[in-house]
>>> print(open('my_file21.tsv').read())   # TSV, C-alpha atoms
chain	number	residue	atom	x	y	z
A	1	TYR	CA	-9.97	31.45	-10.45
A	2	ARG	CA	-6.40	30.28	-10.18
A	3	THR	CA	-4.20	28.86	-12.93
A	4	LEU	CA	-1.93	25.99	-11.92
A	5	VAL	CA	1.05	25.30	-14.17
A	6	VAL	CA	3.01	22.05	-13.92
A	7	TYR	CA	6.18	21.68	-15.99
A	8	LYS	CA	6.83	18.01	-15.14
A	9	ASP	CA	10.52	18.74	-14.56
A	10	THR	CA	11.23	15.05	-14.02
A	11	GLN	CA	10.69	14.37	-17.72
A	12	ALA	CA	13.59	16.67	-18.59
A	13	SER	CA	17.32	16.74	-17.89
A	14	ARG	CA	17.23	20.24	-16.38
A	15	PRO	CA	14.73	22.32	-14.37
A	16	LEU	CA	12.00	23.80	-16.59
A	17	ASP	CA	9.83	25.57	-14.03
A	18	PRO	CA	11.16	29.13	-13.52
A	19	VAL	CA	9.57	29.40	-10.05
A	20	GLU	CA	9.82	26.11	-8.19
A	21	TRP	CA	10.21	22.35	-8.58
A	22	THR	CA	7.20	20.64	-10.21
A	23	GLY	CA	8.74	17.26	-10.90
A	24	SER	CA	8.00	13.98	-9.11
A	25	TRP	CA	8.44	13.65	-5.36
A	26	ARG	CA	10.78	10.66	-5.77
A	27	ASP	CA	13.23	12.34	-8.15
A	28	GLY	CA	16.62	12.22	-6.43
A	29	ARG	CA	18.65	13.74	-9.23
A	30	SER	CA	20.64	16.92	-8.66
A	31	ILE	CA	18.11	18.92	-10.70
A	32	ASN	CA	15.61	18.56	-7.81
A	33	PRO	CA	16.56	21.22	-5.22
A	34	GLU	CA	14.27	19.62	-2.62
A	35	GLY	CA	15.85	16.17	-2.79
A	36	ALA	CA	14.01	12.84	-3.02
A	37	HIS	CA	10.84	12.44	-0.95
A	38	PRO	CA	9.06	9.42	-2.49
A	39	GLU	CA	5.29	9.61	-2.12
A	40	ASN	CA	5.04	6.31	-0.27
A	41	GLU	CA	6.63	8.06	2.72
A	42	LEU	CA	3.17	9.61	3.21
A	43	THR	CA	0.63	7.44	1.39
A	44	GLY	CA	2.29	4.03	1.87
A	45	THR	CA	2.31	3.25	-1.87
A	46	ILE	CA	4.15	4.66	-4.87
A	47	PHE	CA	3.06	5.10	-8.50
A	48	THR	CA	4.36	2.41	-10.85
A	49	VAL	CA	1.56	1.37	-13.26
A	50	ASN	CA	0.66	3.77	-16.04
A	51	ALA	CA	-2.66	4.38	-17.81
A	52	TRP	CA	-4.96	3.08	-19.05
A	53	ARG	CA	-5.84	0.33	-16.58
A	54	HIS	CA	-9.28	-1.09	-15.74
A	55	ASP	CA	-8.50	-3.86	-13.23
A	56	PRO	CA	-10.53	-5.36	-10.39
A	57	LEU	CA	-9.19	-5.31	-6.85
A	58	LEU	CA	-8.61	-8.80	-5.37
A	59	VAL	CA	-8.77	-9.60	-1.65
A	60	PRO	CA	-7.43	-13.07	-0.72
A	61	ALA	CA	-8.83	-14.80	2.37
A	62	GLU	CA	-5.73	-14.04	4.44
A	63	PHE	CA	-6.97	-10.43	4.78
A	64	ALA	CA	-10.51	-11.39	5.84
A	65	PRO	CA	-9.87	-11.12	9.63
A	66	ASN	CA	-8.78	-7.47	9.38
A	67	ARG	CA	-11.35	-5.17	10.97
A	68	PHE	CA	-11.29	-2.98	7.84
A	69	TRP	CA	-13.40	-5.65	6.07
A	70	ARG	CA	-16.02	-6.12	8.83
A	71	GLY	CA	-19.56	-6.48	7.56
A	72	THR	CA	-18.45	-7.15	3.95
A	73	ARG	CA	-18.38	-10.28	1.81
A	74	VAL	CA	-14.61	-10.34	2.34
A	75	GLU	CA	-15.15	-11.19	6.01
A	76	ALA	CA	-16.73	-14.55	5.09
A	77	LEU	CA	-13.85	-15.78	2.90
A	78	LYS	CA	-12.35	-19.17	3.69
A	79	GLU	CA	-8.77	-20.30	3.10
A	80	GLY	CA	-7.98	-20.45	-0.61
A	81	GLU	CA	-10.80	-18.08	-1.60
A	82	GLU	CA	-10.61	-14.46	-2.73
A	83	ALA	CA	-13.09	-11.66	-3.30
A	84	MET	CA	-13.07	-9.77	-6.58
A	85	LEU	CA	-14.13	-6.18	-6.10
A	86	LEU	CA	-15.41	-3.81	-8.77
A	87	PRO	CA	-13.68	-3.93	-12.21
A	88	GLY	CA	-12.02	-0.57	-12.77
A	89	LEU	CA	-11.38	-0.02	-9.07
A	90	LEU	CA	-7.70	-0.25	-10.01
A	91	GLY	CA	-7.24	2.40	-12.65
A	92	HIS	CA	-6.56	4.40	-14.64
A	93	GLU	CA	-3.14	4.41	-12.93
A	94	TRP	CA	-2.15	2.55	-9.76
A	95	ASP	CA	0.58	2.03	-7.17
A	96	GLU	CA	2.64	-0.60	-5.37
A	97	ASP	CA	4.11	-0.98	-1.90
A	98	ILE	CA	7.85	-0.96	-2.56
A	99	ASP	CA	10.50	-1.63	0.08
A	100	ASN	CA	12.58	1.44	-0.78
A	101	GLY	CA	13.47	2.68	2.70
A	102	TYR	CA	10.59	5.17	2.88
A	103	ARG	CA	7.74	2.89	4.01
A	104	PRO	CA	5.75	4.29	6.96
A	105	ALA	CA	6.12	2.40	10.24
A	106	GLY	CA	3.48	-0.25	10.80
A	107	LEU	CA	2.25	-0.38	7.21
A	108	MET	CA	-0.30	-3.19	6.77
A	109	HIS	CA	-1.73	-4.77	3.61
A	110	LEU	CA	-5.48	-5.15	3.06
A	111	SER	CA	-5.51	-6.72	-0.42
A	112	ARG	CA	-3.23	-8.14	-3.13
A	113	THR	CA	-3.73	-7.97	-6.91
A	114	THR	CA	-1.03	-9.07	-9.35
A	115	VAL	CA	-1.35	-8.10	-13.03
A	116	ASP	CA	0.94	-9.04	-15.92
A	117	ASN	CA	1.94	-6.93	-18.93
A	118	VAL	CA	1.37	-3.47	-17.50
A	119	GLN	CA	3.13	-0.24	-18.49
A	120	TYR	CA	5.61	-0.03	-15.61
A	121	LEU	CA	7.63	3.01	-14.51
A	122	MET	CA	11.36	2.26	-14.63
A	123	ASP	CA	12.88	5.54	-13.41
A	124	GLU	CA	11.89	8.79	-11.66
A	125	GLY	CA	8.93	9.44	-13.93
A	126	SER	CA	9.52	9.25	-17.68
A	127	VAL	CA	10.72	5.78	-18.79
A	128	PHE	CA	8.29	2.83	-18.98
A	129	ASP	CA	8.51	-0.82	-19.96
A	130	THR	CA	6.31	-3.92	-19.76
A	131	ALA	CA	6.31	-5.69	-16.37
A	132	THR	CA	4.30	-7.56	-13.76
A	133	ALA	CA	3.06	-5.46	-10.83
A	134	THR	CA	1.29	-6.14	-7.53
A	135	HIS	CA	-1.12	-3.64	-6.03
A	136	THR	CA	-1.90	-3.63	-2.31
A	137	LEU	CA	-4.41	-1.54	-0.43
A	138	VAL	CA	-2.51	-0.30	2.64
A	139	LEU	CA	-3.22	1.29	6.01
A	140	TYR	CA	-1.09	2.66	8.85
A	141	ARG	CA	-1.41	4.87	11.91
A	142	HIS	CA	0.73	8.00	11.76
A	143	ASN	CA	2.58	9.08	14.88
A	144	SER	CA	0.03	11.89	15.17
A	145	SER	CA	-2.53	9.05	15.75
A	146	ALA	CA	-4.20	9.72	12.38
A	147	LEU	CA	-5.14	6.67	10.30
A	148	VAL	CA	-3.84	6.84	6.72
A	149	LEU	CA	-5.46	4.69	4.01
A	150	GLY	CA	-3.40	4.34	0.85
A	151	ALA	CA	-5.84	3.23	-1.85
A	152	GLY	CA	-3.04	3.31	-4.41
A	153	THR	CA	-5.47	3.91	-7.27
A	154	CYS	CA	-7.11	6.91	-8.92
A	155	GLN	CA	-10.51	5.20	-8.93
A	156	TRP	CA	-11.23	4.03	-5.36
A	157	VAL	CA	-14.30	6.29	-5.43
A	158	TRP	CA	-15.77	4.15	-8.24
A	159	GLY	CA	-16.60	1.66	-5.51
A	160	LEU	CA	-18.44	4.34	-3.53
A	161	ASP	CA	-20.62	5.78	-6.27
A	162	ALA	CA	-21.59	4.59	-9.75
A	163	HIS	CA	-21.52	8.05	-11.37
A	164	HIS	CA	-18.27	8.61	-13.26
A	165	ASP	CA	-16.84	8.68	-16.76
A	166	SER	CA	-15.30	5.88	-18.82
A	167	SER	CA	-16.94	2.91	-17.08
A	168	THR	CA	-15.55	0.59	-19.79
A	169	GLY	CA	-11.95	1.52	-19.08
A	170	ILE	CA	-11.51	2.98	-22.55
A	171	PRO	CA	-10.00	6.48	-22.32
A	172	PRO	CA	-12.87	9.01	-22.63
A	173	GLU	CA	-11.35	10.83	-25.59
A	174	ARG	CA	-11.20	7.51	-27.49
A	175	SER	CA	-14.59	6.11	-26.51
A	176	ASN	CA	-16.34	9.34	-27.53
A	177	GLN	CA	-14.45	12.06	-29.34
A	178	TYR	CA	-17.36	14.49	-29.18
A	179	SER	CA	-18.09	14.65	-25.47
A	180	ILE	CA	-16.79	13.48	-22.09
A	181	ARG	CA	-19.71	13.17	-19.72
A	182	VAL	CA	-20.43	11.51	-16.40
A	183	GLY	CA	-22.62	8.43	-16.75
A	184	VAL	CA	-23.82	5.55	-14.59
A	185	ASP	CA	-21.64	2.46	-14.23
A	186	ARG	CA	-24.08	-0.48	-14.20
A	187	THR	CA	-21.53	-2.67	-12.36
A	188	GLY	CA	-21.13	-0.26	-9.46
A	189	PRO	CA	-20.97	0.76	-6.74
A	190	ASP	CA	-19.41	-2.00	-4.63
A	191	SER	CA	-21.00	-2.60	-1.23
A	192	ALA	CA	-17.75	-4.01	0.20
A	193	VAL	CA	-15.90	-0.81	-0.67
A	194	GLN	CA	-18.68	1.30	0.82
A	195	GLN	CA	-18.84	-0.66	4.10
A	196	ALA	CA	-15.05	-0.82	4.44
A	197	THR	CA	-14.86	2.95	4.01
A	198	ILE	CA	-17.53	3.41	6.69
A	199	ASN	CA	-15.52	1.11	8.98
A	200	LEU	CA	-12.43	3.25	8.41
A	201	PHE	CA	-14.26	6.51	9.06
A	202	GLU	CA	-15.75	5.11	12.25
A	203	ASP	CA	-12.29	4.17	13.52
A	204	MET	CA	-11.28	7.75	12.72
A	205	GLY	CA	-14.18	9.08	14.79
A	206	VAL	CA	-15.97	10.41	11.70
A	207	LEU	CA	-19.67	9.48	11.90
A	208	PRO	CA	-22.37	10.08	9.26
A	209	HIS	CA	-25.37	12.29	10.00
A	210	THR	CA	-27.53	9.94	7.94
A	211	LEU	CA	-26.24	6.46	7.13
A	212	GLN	CA	-26.97	5.13	3.66
A	213	GLU	CA	-29.38	2.20	3.53
A	214	GLY	CA	-27.60	-1.17	3.52
A	215	LEU	CA	-24.56	0.06	5.46
A	216	THR	CA	-23.93	-0.49	9.17
A	217	LEU	CA	-22.05	1.24	11.98
A	218	LEU	CA	-20.19	-1.62	13.68
A	219	GLY	CA	-18.44	0.39	16.37
A	220	PRO	CA	-14.98	1.96	16.55
A	221	SER	CA	-11.95	0.04	17.73
A	222	THR	CA	-11.41	-0.14	21.49
A	223	ASP	CA	-8.07	-1.92	21.06
A	224	ARG	CA	-5.22	0.17	22.50
A	225	GLU	CA	-2.74	-2.64	23.16
A	226	PRO	CA	0.04	-3.29	20.64
A	227	PRO	CA	0.81	-6.86	19.58
A	228	VAL	CA	3.95	-8.78	20.51
A	229	SER	CA	6.43	-10.39	18.10
A	230	ARG	CA	9.43	-12.66	18.62
A	231	VAL	CA	12.27	-14.03	16.53
A	232	LEU	CA	12.63	-17.81	16.69
A	233	GLN	CA	15.57	-18.19	14.33
A	234	CYS	CA	17.64	-16.07	11.96
A	235	ARG	CA	20.62	-17.10	9.87
A	236	GLY	CA	22.80	-15.51	7.21
A	237	HIS	CA	24.19	-17.59	4.34
A	238	THR	CA	26.86	-16.40	1.93
A	239	VAL	CA	25.52	-15.96	-1.59
A	240	GLU	CA	27.35	-18.22	-4.00
A	241	GLY	CA	29.81	-16.25	-6.08
A	242	SER	CA	29.78	-13.16	-3.84
A	243	ALA	CA	31.57	-12.79	-0.51
A	244	HIS	CA	29.94	-9.40	-0.02
A	245	LEU	CA	26.33	-10.61	0.00
A	246	LEU	CA	24.34	-12.65	2.48
A	247	GLU	CA	20.95	-14.30	2.15
A	248	VAL	CA	19.25	-13.68	5.48
A	249	VAL	CA	16.47	-16.12	6.43
A	250	CYS	CA	14.46	-15.45	9.59
A	251	SER	CA	11.19	-16.64	11.12
A	252	GLY	CA	9.20	-16.04	14.28
A	253	VAL	CA	5.84	-15.67	15.95
A	254	ALA	CA	3.47	-12.81	16.78
A	255	HIS	CA	0.18	-12.41	18.63
A	256	ASP	CA	-2.21	-9.60	19.44
A	257	ILE	CA	-3.33	-9.00	23.02
A	258	GLY	CA	-5.96	-6.32	22.49
A	259	GLY	CA	-8.70	-8.31	20.76
A	260	GLY	CA	-7.71	-7.80	17.13
A	261	VAL	CA	-5.31	-9.60	14.80
A	262	VAL	CA	-1.68	-9.08	13.88
A	263	ALA	CA	-1.76	-7.20	10.56
A	264	ALA	CA	1.97	-6.99	9.78
A	265	VAL	CA	5.42	-7.71	11.20
A	266	GLU	CA	8.51	-5.71	10.24
A	267	ILE	CA	12.17	-6.59	10.74
A	268	ARG	CA	15.47	-4.76	10.70
A	269	ILE	CA	19.02	-6.06	10.61
A	270	THR	CA	21.19	-3.98	12.99
A	271	ALA	CA	20.20	-0.53	14.24
A	272	ALA	CA	21.54	1.20	11.13
A	273	GLU	CA	19.38	-0.84	8.75
A	274	ARG	CA	15.89	0.21	7.70
A	275	TRP	CA	12.77	-1.79	8.52
A	276	HIS	CA	11.55	-4.40	6.01
A	277	PRO	CA	8.15	-6.12	5.66
A	278	THR	CA	7.88	-9.83	6.47
A	279	THR	CA	5.38	-12.43	5.25
A	280	LEU	CA	2.55	-13.44	7.60
A	281	ASN	CA	0.94	-16.86	7.54
A	282	MET	CA	-2.81	-17.43	7.07
A	283	ARG	CA	-3.46	-17.43	10.83
A	284	HIS	CA	-1.52	-14.20	11.39
A	285	ASP	CA	0.55	-15.78	14.17
A	286	ARG	CA	3.79	-16.66	12.34
A	287	TRP	CA	6.01	-14.63	10.07
A	288	SER	CA	8.98	-15.29	7.77
A	289	PHE	CA	11.60	-13.15	6.06
A	290	GLN	CA	14.11	-13.83	3.30
A	291	LYS	CA	16.29	-11.22	1.66
A	292	VAL	CA	19.76	-10.81	0.14
A	293	VAL	CA	21.61	-7.98	1.90
A	294	PRO	CA	25.17	-6.62	1.98
A	295	ALA	CA	27.21	-8.79	4.34
A	296	LYS	CA	28.35	-5.76	6.34
A	297	SER	CA	24.73	-4.78	7.12
A	298	PHE	CA	24.13	-8.10	8.89
A	299	GLY	CA	26.89	-7.13	11.30
A	300	GLU	CA	26.93	-9.41	14.31
A	301	GLY	CA	23.73	-11.14	13.24
A	302	ALA	CA	21.46	-9.01	15.44
A	303	VAL	CA	17.86	-8.54	14.26
A	304	GLN	CA	14.82	-6.81	15.71
A	305	THR	CA	11.10	-7.02	14.96
A	306	ARG	CA	7.96	-5.01	15.57
A	307	ALA	CA	4.35	-5.99	14.92
A	308	VAL	CA	1.26	-3.92	14.22
A	309	ASP	CA	-2.36	-4.97	14.73
A	310	ASP	CA	-5.40	-4.19	12.61
A	311	SER	CA	-6.19	-1.11	14.72
A	312	GLY	CA	-2.78	0.38	13.92
A	313	ASN	CA	-1.21	-0.23	17.35
A	314	LEU	CA	2.53	-0.59	16.79
A	315	GLU	CA	4.79	-2.65	19.02
A	316	THR	CA	7.81	-0.99	20.61
A	317	PRO	CA	10.82	-3.26	19.86
A	318	ARG	CA	11.97	-5.11	22.97
A	319	GLY	CA	15.60	-5.91	22.28
A	320	TRP	CA	17.76	-7.74	19.76
A	321	TYR	CA	17.90	-11.36	18.68
A	322	ARG	CA	21.47	-12.60	18.18
>>> encode(input="my_file21.tsv", output="structure tokens")
Amino acid sequence: YRTLVVYKDTQASRPLDPVEWTGSWRDGRSINPEGAHPENELTGTIFTVNAWRHDPLLVPAEFAPNRFWRGTRVEALKEGEEAMLLPGLLGHEWDEDIDNGYRPAGLMHLSRTTVDNVQYLMDEGSVFDTATATHTLVLYRHNSSALVLGAGTCQWVWGLDAHHDSSTGIPPERSNQYSIRVGVDRTGPDSAVQQATINLFEDMGVLPHTLQEGLTLLGPSTDREPPVSRVLQCRGHTVEGSAHLLEVVCSGVAHDIGGGVVAAVEIRITAAERWHPTTLNMRHDRWSFQKVVPAKSFGEGAVQTRAVDDSGNLETPRGWYR
């Protein structure tokens, strides 16, 4: 056997581990010899909501056209509706998609769940306060061509199988001080989570030897064409009381040409600026963006966009809008 020791260096003011850094990936303080590498650079989401949580995962109708949800009850949602997936699917800790400069290219959202009064991380990994947080299931295609699903929750597997501990959301050591055992969650599993996971595996080229009853192989994506996006207008307005800040408001259109749907549109302001997520409309053909930025970053007012479709095909930017 092997013993793994973690010192949680981030919760101290100096390195504690005598061998190597075992603090959080995001910790950018000088005590981290490796420098900051926030986890969302790989997974697409970053830990913010502390234990213990036992929340359902909500999927509004705007995500229904995404191929990830094919063959599930999400696919049938109409405008204004939302699907509530298994209670406890978000727990016992969960993440958010934060625009911190480390988001993977072409990151798309597959759900949206907002919860009030959670224990929210306020620093690198040791200070918490009460806040409102929004979880999103995310997906992107890495430049190696691998698909990366960021569940952003410790308990995604609760939707795949009903055998686990603490089905009530009460910490095991509190619900039963004498024993922590695996039981059967009578509310699980969730067929939408199971089918969506099969859809993802099929797009990865991973096929089951024997498919579980009730699930369906719907075919991998044949879409290899990236979508196209365009800026229709973009303006910068001086923020009242500050000559150094601008509120940038942009909008545009996007469409997919490979048979899928536009899943996300990203924007950047000048070549030196990082990419930011925009907001898609219900039909996935128009986007909008509003953000306060340093006036110097807006430069000459040049912006650029790129869109990604639900198969992970990412548009190569085609020039600048001025």
>>> residues_around(input="my_file21.tsv", residues="segment 111-114 of chain A", least_positions_apart="3", cutoff="6 Å", atoms="only C-alpha atoms", output="ChimeraX atom specification")
/A:58-59,133-137
>>> atom_distance(input="my_file21.tsv", atom1="atom CA of Phe128 of chain A", atom2="atom CA of Phe47 of chain A")
11.9 Å
>>> closest_residue(input="my_file21.tsv", among="A:Val253, A:Tyr140, A:Ala162, A:Arg70", to="Gly219 of chain A", atoms="only C-alpha atoms")
A:Arg70
>>> residues_near_point(input="my_file21.tsv", point="(5.4, 11.5, -3.2)", cutoff="12 Å", atoms="all atoms listed in the file", output="list in words")
Thr22, Gly23, Ser24, Trp25, Arg26, Asp27, Gly28, Gly35, Ala36, His37, Pro38, Glu39, Asn40, Glu41, Leu42, Thr43, Gly44, Thr45, Ile46, Phe47, Thr48, Asp95, Tyr102, Arg103, Glu124, Gly125 and Gly152 of chain A
>>> axis_aligned_box(input="my_file21.tsv", around="segment 80-95 of chain A", padding_each_side="4 Å", output="lines of an AutoDock Vina configuration file")
center_x = -7.4
center_y = -8.0
center_z = -7.6
size_x = 24.0
size_y = 32.9
size_z = 22.0
>>> residues_around(input="my_file21.tsv", residues="Glu93 of chain A", least_positions_apart="5", cutoff="12 Å", atoms="all atoms listed in the file", output="count of residues only")
25
>>> residues_around(input="my_file21.tsv", residues="Arg274 of chain A", least_positions_apart="6", cutoff="10 Å", atoms="all atoms listed in the file", output="list in words")
Asp99, Asn100, Gly101, Tyr102, Arg103, Glu266, Ile267 and Arg268 of chain A
>>> closest_residue(input="my_file21.tsv", among="A:Thr168, A:Leu207, A:Asp161, A:Arg14", to="Pro189 of chain A", atoms="all atoms listed in the file")
A:Asp161
>>> closest_residue(input="my_file21.tsv", among="A:Trp275, A:Trp69, A:Trp287, A:Phe298", to="Val248 of chain A", atoms="all atoms listed in the file")
A:Phe298
>>> residues_around(input="my_file21.tsv", residues="segment 233-238 of chain A", least_positions_apart="2", cutoff="12 Å", atoms="all atoms listed in the file", output="ChimeraX atom specification")
/A:230-231,240-253,267-269,287-305,320-322
>>> write_last_selection(input="my_file21.tsv", atoms="C-alpha atoms", output="mmCIF file, in the frame of the given file")
data_model
loop_
_atom_site.group_PDB
_atom_site.id
_atom_site.type_symbol
_atom_site.label_atom_id
_atom_site.label_comp_id
_atom_site.auth_asym_id
_atom_site.auth_seq_id
_atom_site.Cartn_x
_atom_site.Cartn_y
_atom_site.Cartn_z
ATOM 1 C CA ARG A 230 9.430 -12.660 18.620
ATOM 2 C CA VAL A 231 12.270 -14.030 16.530
ATOM 3 C CA GLU A 240 27.350 -18.220 -4.000
ATOM 4 C CA GLY A 241 29.810 -16.250 -6.080
ATOM 5 C CA SER A 242 29.780 -13.160 -3.840
ATOM 6 C CA ALA A 243 31.570 -12.790 -0.510
ATOM 7 C CA HIS A 244 29.940 -9.400 -0.020
ATOM 8 C CA LEU A 245 26.330 -10.610 0.000
ATOM 9 C CA LEU A 246 24.340 -12.650 2.480
ATOM 10 C CA GLU A 247 20.950 -14.300 2.150
ATOM 11 C CA VAL A 248 19.250 -13.680 5.480
ATOM 12 C CA VAL A 249 16.470 -16.120 6.430
ATOM 13 C CA CYS A 250 14.460 -15.450 9.590
ATOM 14 C CA SER A 251 11.190 -16.640 11.120
ATOM 15 C CA GLY A 252 9.200 -16.040 14.280
ATOM 16 C CA VAL A 253 5.840 -15.670 15.950
ATOM 17 C CA ILE A 267 12.170 -6.590 10.740
ATOM 18 C CA ARG A 268 15.470 -4.760 10.700
ATOM 19 C CA ILE A 269 19.020 -6.060 10.610
ATOM 20 C CA TRP A 287 6.010 -14.630 10.070
ATOM 21 C CA SER A 288 8.980 -15.290 7.770
ATOM 22 C CA PHE A 289 11.600 -13.150 6.060
ATOM 23 C CA GLN A 290 14.110 -13.830 3.300
ATOM 24 C CA LYS A 291 16.290 -11.220 1.660
ATOM 25 C CA VAL A 292 19.760 -10.810 0.140
ATOM 26 C CA VAL A 293 21.610 -7.980 1.900
ATOM 27 C CA PRO A 294 25.170 -6.620 1.980
ATOM 28 C CA ALA A 295 27.210 -8.790 4.340
ATOM 29 C CA LYS A 296 28.350 -5.760 6.340
ATOM 30 C CA SER A 297 24.730 -4.780 7.120
ATOM 31 C CA PHE A 298 24.130 -8.100 8.890
ATOM 32 C CA GLY A 299 26.890 -7.130 11.300
ATOM 33 C CA GLU A 300 26.930 -9.410 14.310
ATOM 34 C CA GLY A 301 23.730 -11.140 13.240
ATOM 35 C CA ALA A 302 21.460 -9.010 15.440
ATOM 36 C CA VAL A 303 17.860 -8.540 14.260
ATOM 37 C CA GLN A 304 14.820 -6.810 15.710
ATOM 38 C CA THR A 305 11.100 -7.020 14.960
ATOM 39 C CA TRP A 320 17.760 -7.740 19.760
ATOM 40 C CA TYR A 321 17.900 -11.360 18.680
ATOM 41 C CA ARG A 322 21.470 -12.600 18.180
#
>>> closest_atom_pairs(input="my_file21.tsv", of="segment 153-220 of chain A", to="segment 310-318 of chain A", cutoff="12 Å", atoms="all atoms listed in the file", output="tab-separated table")
residue	atom	partner	partner_atom	distance
A:Asn199	CA	A:Ser311	CA	11.2
A:Leu200	CA	A:Ser311	CA	9.9
A:Glu202	CA	A:Ser311	CA	11.7
A:Asp203	CA	A:Ser311	CA	8.2
A:Met204	CA	A:Ser311	CA	10.4
A:Pro220	CA	A:Ser311	CA	9.5
>>> atom_distance(input="my_file21.tsv", atom1="atom CA of Met84 of chain A", atom2="atom CA of Asp97 of chain A")
19.9 Å
>>> closest_residue(input="my_file21.tsv", among="A:Thr278, A:Ser229, A:Thr130, A:Ser191", to="His255 of chain A", atoms="only C-alpha atoms")
A:Ser229
>>> closest_residue(input="my_file21.tsv", among="A:Thr279, A:Val261, A:Val228, A:Pro87", to="Thr187 of chain A", atoms="all atoms listed in the file")
A:Pro87
>>> atom_distance(input="my_file21.tsv", atom1="atom CA of Gln11 of chain A", atom2="atom CA of Val127 of chain A")
8.7 Å
>>> residues_around(input="my_file21.tsv", residues="Ile198 of chain A", least_positions_apart="6", cutoff="8 Å", atoms="only C-alpha atoms", output="PyMOL selection string")
chain A and resi 215-217
>>> closest_residue(input="my_file21.tsv", among="A:Pro172, A:Gly205, A:Val193, A:Val115", to="Glu96 of chain A", atoms="all atoms listed in the file")
A:Val115
>>> build_atoms(input="my_file21.tsv", residues="segment 301-306 of chain A", atoms="all heavy atoms", output="mmCIF file, in the coordinates of the input")
data_model
loop_
_atom_site.group_PDB
_atom_site.id
_atom_site.type_symbol
_atom_site.label_atom_id
_atom_site.label_comp_id
_atom_site.auth_asym_id
_atom_site.auth_seq_id
_atom_site.Cartn_x
_atom_site.Cartn_y
_atom_site.Cartn_z
ATOM 1 N N GLY A 301 24.871 -10.237 13.315
ATOM 2 C CA GLY A 301 23.730 -11.140 13.240
ATOM 3 C C GLY A 301 22.587 -10.744 14.144
ATOM 4 O O GLY A 301 21.755 -11.576 14.497
ATOM 5 N N ALA A 302 22.521 -9.469 14.557
ATOM 6 C CA ALA A 302 21.460 -9.010 15.440
ATOM 7 C C ALA A 302 20.268 -8.517 14.613
ATOM 8 O O ALA A 302 20.439 -7.736 13.673
ATOM 9 C CB ALA A 302 21.966 -7.889 16.331
ATOM 10 N N VAL A 303 19.075 -8.988 14.951
ATOM 11 C CA VAL A 303 17.860 -8.540 14.260
ATOM 12 C C VAL A 303 16.817 -8.126 15.295
ATOM 13 O O VAL A 303 16.863 -8.537 16.458
ATOM 14 C CB VAL A 303 17.285 -9.637 13.338
ATOM 15 C CG1 VAL A 303 18.272 -10.003 12.256
ATOM 16 C CG2 VAL A 303 16.882 -10.854 14.137
ATOM 17 N N GLN A 304 15.863 -7.330 14.835
ATOM 18 C CA GLN A 304 14.820 -6.810 15.710
ATOM 19 C C GLN A 304 13.509 -6.779 14.939
ATOM 20 O O GLN A 304 13.500 -6.533 13.724
ATOM 21 C CB GLN A 304 15.199 -5.387 16.159
ATOM 22 C CG GLN A 304 14.425 -4.842 17.329
ATOM 23 C CD GLN A 304 15.000 -3.503 17.786
ATOM 24 O OE1 GLN A 304 15.221 -2.601 16.978
ATOM 25 N NE2 GLN A 304 15.257 -3.371 19.071
ATOM 26 N N THR A 305 12.400 -7.032 15.618
ATOM 27 C CA THR A 305 11.100 -7.020 14.960
ATOM 28 C C THR A 305 10.117 -6.120 15.693
ATOM 29 O O THR A 305 10.304 -5.800 16.874
ATOM 30 C CB THR A 305 10.483 -8.439 14.882
ATOM 31 O OG1 THR A 305 10.296 -8.948 16.213
ATOM 32 C CG2 THR A 305 11.361 -9.379 14.091
ATOM 33 N N ARG A 306 9.083 -5.718 14.973
ATOM 34 C CA ARG A 306 7.960 -5.010 15.570
ATOM 35 C C ARG A 306 6.702 -5.409 14.805
ATOM 36 O O ARG A 306 6.723 -5.569 13.591
ATOM 37 C CB ARG A 306 8.159 -3.497 15.531
ATOM 38 C CG ARG A 306 8.222 -2.903 14.126
ATOM 39 C CD ARG A 306 8.572 -1.419 14.153
ATOM 40 N NE ARG A 306 8.586 -0.858 12.799
ATOM 41 C CZ ARG A 306 9.072 0.340 12.491
ATOM 42 N NH1 ARG A 306 9.613 1.104 13.438
ATOM 43 N NH2 ARG A 306 9.025 0.782 11.238
#
